[in-house]
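Visitor: For reference, the structure I am asking about is given below.
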Amino acid sequence: MTKAKSVLIIGSHPIAEDLTRQYAALNYIIRHQPEMQGCDVDINDYDELCLLTSPTQEAKLAADNQAIGRLADLASRLDVATHGGQRVRCHLLLQSRTSLRLLQEIDFCDAIRQKIDVYPFTLNDVWSRTIVLDYEPITLQTNRTAHLVVFGTGEMAEAVMINAAQIAHYPNFTREPRLRTRITVIDEHASAECEKWIQRYKSLFDNSYYRIIKPNTEQVVSSFHQPDYLQRGTKDFVDVEWEFVEASLYDDMIREKLALWCTDKSRQLLTIVVAHDDQEQNLDEALHFPDCVYASNIPIHVCAHYDTLIRQLSTTKPGLRPFGMLDRGYDVRMPAVQMAKRVNYIYNLCYRDNVENWTGQIRSSVEIDKEVCEAMWQNVKAVKRMSNIYNAMSVATKMRSIGLSDNEWDKFYDIPRQDIELLAEVEHNRWSVEELILGWRPCTAEEQSMVEADISQKEELKKRKIHYDLRPYHDLRPDATGKPVALYDLCLCSCLPLITKSFADEEGGEYGY
């Protein structure tokens, strides 16, 4: 008889109750230790860990630092031999977005990594991934652009806009560059906060269209920025644009704009998110949108730690959708990670090793070996894991962009060649924004000439976070092996049916973030 798996949940966060329910449904034996400190458990008795920092901590970085210290202590007492030589999985809830970004780039120390397979997350990051902009599919022929309007400039608002920029990439941009995804941030402190974001994500905004609007002056002031790459004669390849408006929901100009955007359905697919850090402000604004917004049934996602009031309001205010509940949001099965493991597997086996044999046909004959897949994943660094995860998170969007709903996995197996080529370009655009967010930048004209004269300089530039492949898809050049870089995206997209089939067979077709 197979021994039941067990999980140790450490910490007193409200999400602990939801995690307990999830593990109970998976038939785990559960122990919850509310206090972060204490040595009254034998870590070797557990197959999985959840380490939860407390939301009541005023010093978020201090709370995260304490949790990582606790993790190091647990690792020091862990004997992996008791787990068949395998690392123990740990879900680590952090309070600070800064902590999350650091750990996604520099990873944990070897003393922890060698024994514990850590998945750090913040609830803001998890919650923001639930917002879908293409609730009506955006295909190659769609003449509308996805338009996300975010009210707020705090940590939740930042998570919403950055995750949207990672996922919201559509094929109509490849036909018409003016159809970029637009992200509008509206807040009374927008200009001050956006200046911080512009420096925090410097490479992204250096290479994006954006404008800063201050309407409550004697004359509306608007500063406009064009991508730096245009100065080098490069065509558009960043398919997200931004605007930051220093105003509030109650300003006449904003209310007039909302009314215009709601009626302008032939040109944009509108999504509204109310994401102030102040929960009472979110609830107040949810009540006071112009009537035409509710009448148009525009999705209005309201960050609410407790959703009862929002759900009741939605009966009279159509379109209101709560997100950000304290007691839920994280899925311990990590479906996006499970999909990402398969993306990484294909990356290694199908085109890093065998790309020269690729014929342009779907690799339906290739089987994904689960054990090899897991072994490969264990060697992936944190930042590359996130790249694979964001790739996986975009699969549902890719499905919708070629006319399939999220649950039509079986039809996705029949993806035609022209759609493979289309999705390859979309994937390159998505990857480009991801790299810009992480601080990579395109080559200058001089750096490009260096690589053209000596392809080995491409790797040298990467050491300085300069990427020769940050350019339009149709301008991608050969790599050091002589193969055109575009071939890699084509190979990956040709294998999407294989990836999704493997995932659907194992997970029952259920997919989420």
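Within each chain, counting starts at residue 1; across the structure tokens, chains are named A, B, ... in the order shown, with ligands numbered 1 upward in that order.
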What's the 6 Å shell around region 282-294 of chain A, counting only C-alpha atoms, without same-chain residues fewer than 6 positions away, as a CSV table (one decimal) with C-alpha atoms, in the first residue's frame?

Guide:
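Result file follows (selection.csv):
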```csv
chain,number,residue,atom,x,y,z
A,274,VAL,CA,-9.5,48.8,-9.6
A,317,LYS,CA,-23.8,46.6,-11.0
A,318,PRO,CA,-23.1,44.2,-13.8
```

Visitor: I want to know what sits within 10 Å of Leu470 (chain A), based on only C-alpha atoms, with residues of the same chain fewer than 4 positions away left out; could you give that as a list in words?

Guide: Tyr229, Phe237, Val238, His428, Asn429, Trp431, Ser432, Val433, Glu435, Leu436, Trp440, Arg441, Pro442, Cys443, Ile466, Asp475 and Leu476 of chain A

Visitor: Using only C-alpha atoms, determine which residues lie at most 9 Å from Ile415 (chain A), disregarding the query and same-chain residues fewer than 3 positions distant; provide the list as a ChimeraX atom specification.

Guide: /A:362,402,411-412,418-420,494,496-497

Visitor: Applying 10 Å and only C-alpha atoms, which residues near Leu94 (chain A) remain after dropping the ones on its own chain fewer than 4 positions away? List them as a VMD selection string.

Guide: chain A and resid 51 to 55 60 to 61 63 to 65 67 to 68 98 to 100 120 to 124

Visitor: Quick check for you: according to DSSP on this backbone, which residues of region 164-329 of chain A are classed as strand (DSSP E or B)? Reply as an NGL selection string.

Guide: :A and (181-187 or 210-214 or 221-225 or 240-246 or 268-274 or 300-303 or 320-323)

Visitor: For the atom pair CA of Thr481 (chain A) and CA of Val383 (chain A), what is the interatomic distance in Å to one decimal place?

Guide: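 Straight-line distance from CA of Thr481 (chain A) to CA of Val383 (chain A) works out to 24.5 Å.
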
Visitor: So how many Å separate CA of Val220 (chain A) and CA of Glu193 (chain A), to one decimal?

Guide: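 CA of Glu193 (chain A) lies 18.8 Å from CA of Val220 (chain A).
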
Visitor: Hey, can you check how far CA of His83 (chain A) sits from CA of Arg70 (chain A)?

Guide: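 Between these atoms lies a distance of 20.2 Å.
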
Visitor: Considering only C-alpha atoms, state which residue in the set A:Met156, A:Val273, A:Ala247, A:Val126 is at the smallest distance from Ile183 (chain A).

Guide: A:Val273

Visitor: Counting only C-alpha atoms, what is within 7 Å of Tyr201 (chain A), bar same-chain residues fewer than 3 positions away, as a PDB file with N, CA and C atoms, in the first residue's frame?

Guide:
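The result, written out as result_27.pdb:
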```pdb
ATOM      1  N   TRP A 197       8.441  53.704 -11.934  1.00  0.00           N
ATOM      2  CA  TRP A 197       8.337  52.516 -12.785  1.00  0.00           C
ATOM      3  C   TRP A 197       9.233  52.637 -14.008  1.00  0.00           C
ATOM      4  N   ILE A 198       9.297  53.843 -14.575  1.00  0.00           N
ATOM      5  CA  ILE A 198      10.102  54.057 -15.774  1.00  0.00           C
ATOM      6  C   ILE A 198      11.573  53.769 -15.482  1.00  0.00           C
ATOM      7  N   LEU A 204      12.330  48.342 -20.527  1.00  0.00           N
ATOM      8  CA  LEU A 204      10.979  48.224 -21.073  1.00  0.00           C
ATOM      9  C   LEU A 204      10.483  49.574 -21.575  1.00  0.00           C
ATOM     10  N   PHE A 205      10.583  50.597 -20.733  1.00  0.00           N
ATOM     11  CA  PHE A 205      10.022  51.892 -21.116  1.00  0.00           C
ATOM     12  C   PHE A 205      10.916  52.641 -22.103  1.00  0.00           C
ATOM     13  N   ILE A 437      11.486  43.608 -19.494  1.00  0.00           N
ATOM     14  CA  ILE A 437      11.072  43.742 -18.100  1.00  0.00           C
ATOM     15  C   ILE A 437      12.194  43.295 -17.165  1.00  0.00           C
ATOM     16  N   GLY A 439      15.260  43.645 -17.651  1.00  0.00           N
ATOM     17  CA  GLY A 439      16.400  44.551 -17.701  1.00  0.00           C
ATOM     18  C   GLY A 439      17.336  44.371 -18.872  1.00  0.00           C
TER      19      GLY A 439
END
```

Visitor: Write out as a ChimeraX atom specification which residues come within 7 Å of region 173-177 of chain A when counting only C-alpha atoms, dropping same-chain ones fewer than 3 positions away.

Guide: /A:140,170,180,236,239

Visitor: Tell me which of A:Asn379, A:Gln279, A:Ser248, A:Thr234 sits closest to Asn207 (chain A), counting only C-alpha atoms.

Guide: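 The answer is A:Thr234, which sits nearest to Asn207 (chain A).
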
Visitor: Show me, as an MDAnalysis selection string, the residues that have an atom within 10 Å of Ile272 (chain A) when counting only C-alpha atoms, minus same-chain residues fewer than 4 positions from it.

Guide: chainID A and resid 131 133 147:151 184 258 293 298:302 319:320

Visitor: Give the answer as one residue: which of A:Thr139, A:Thr82, A:Gln22, A:Gln281 has the shortest atom-to-atom distance to Leu404 (chain A), using only C-alpha atoms?

Guide: A:Thr139

Visitor: Out of region 77-256 of chain A, which residues get helix (DSSP H, G or I) from DSSP, as a ChimeraX atom specification?

Guide: /A:80-83,97-106,110-113,123-128,155-167,172-175,190-200,202-206,228-232,252-256

Visitor: Which is closer to Gln166 (chain A) than all the others in A:Thr181, A:Asn344, A:Ser12, A:Gln448, using only C-alpha atoms?

Guide: A:Thr181

Visitor: Could you check which of A:Met334, A:Ala304, A:Ala157, A:Leu230 is closest to Asp206 (chain A), using only C-alpha atoms?

Guide: A:Leu230
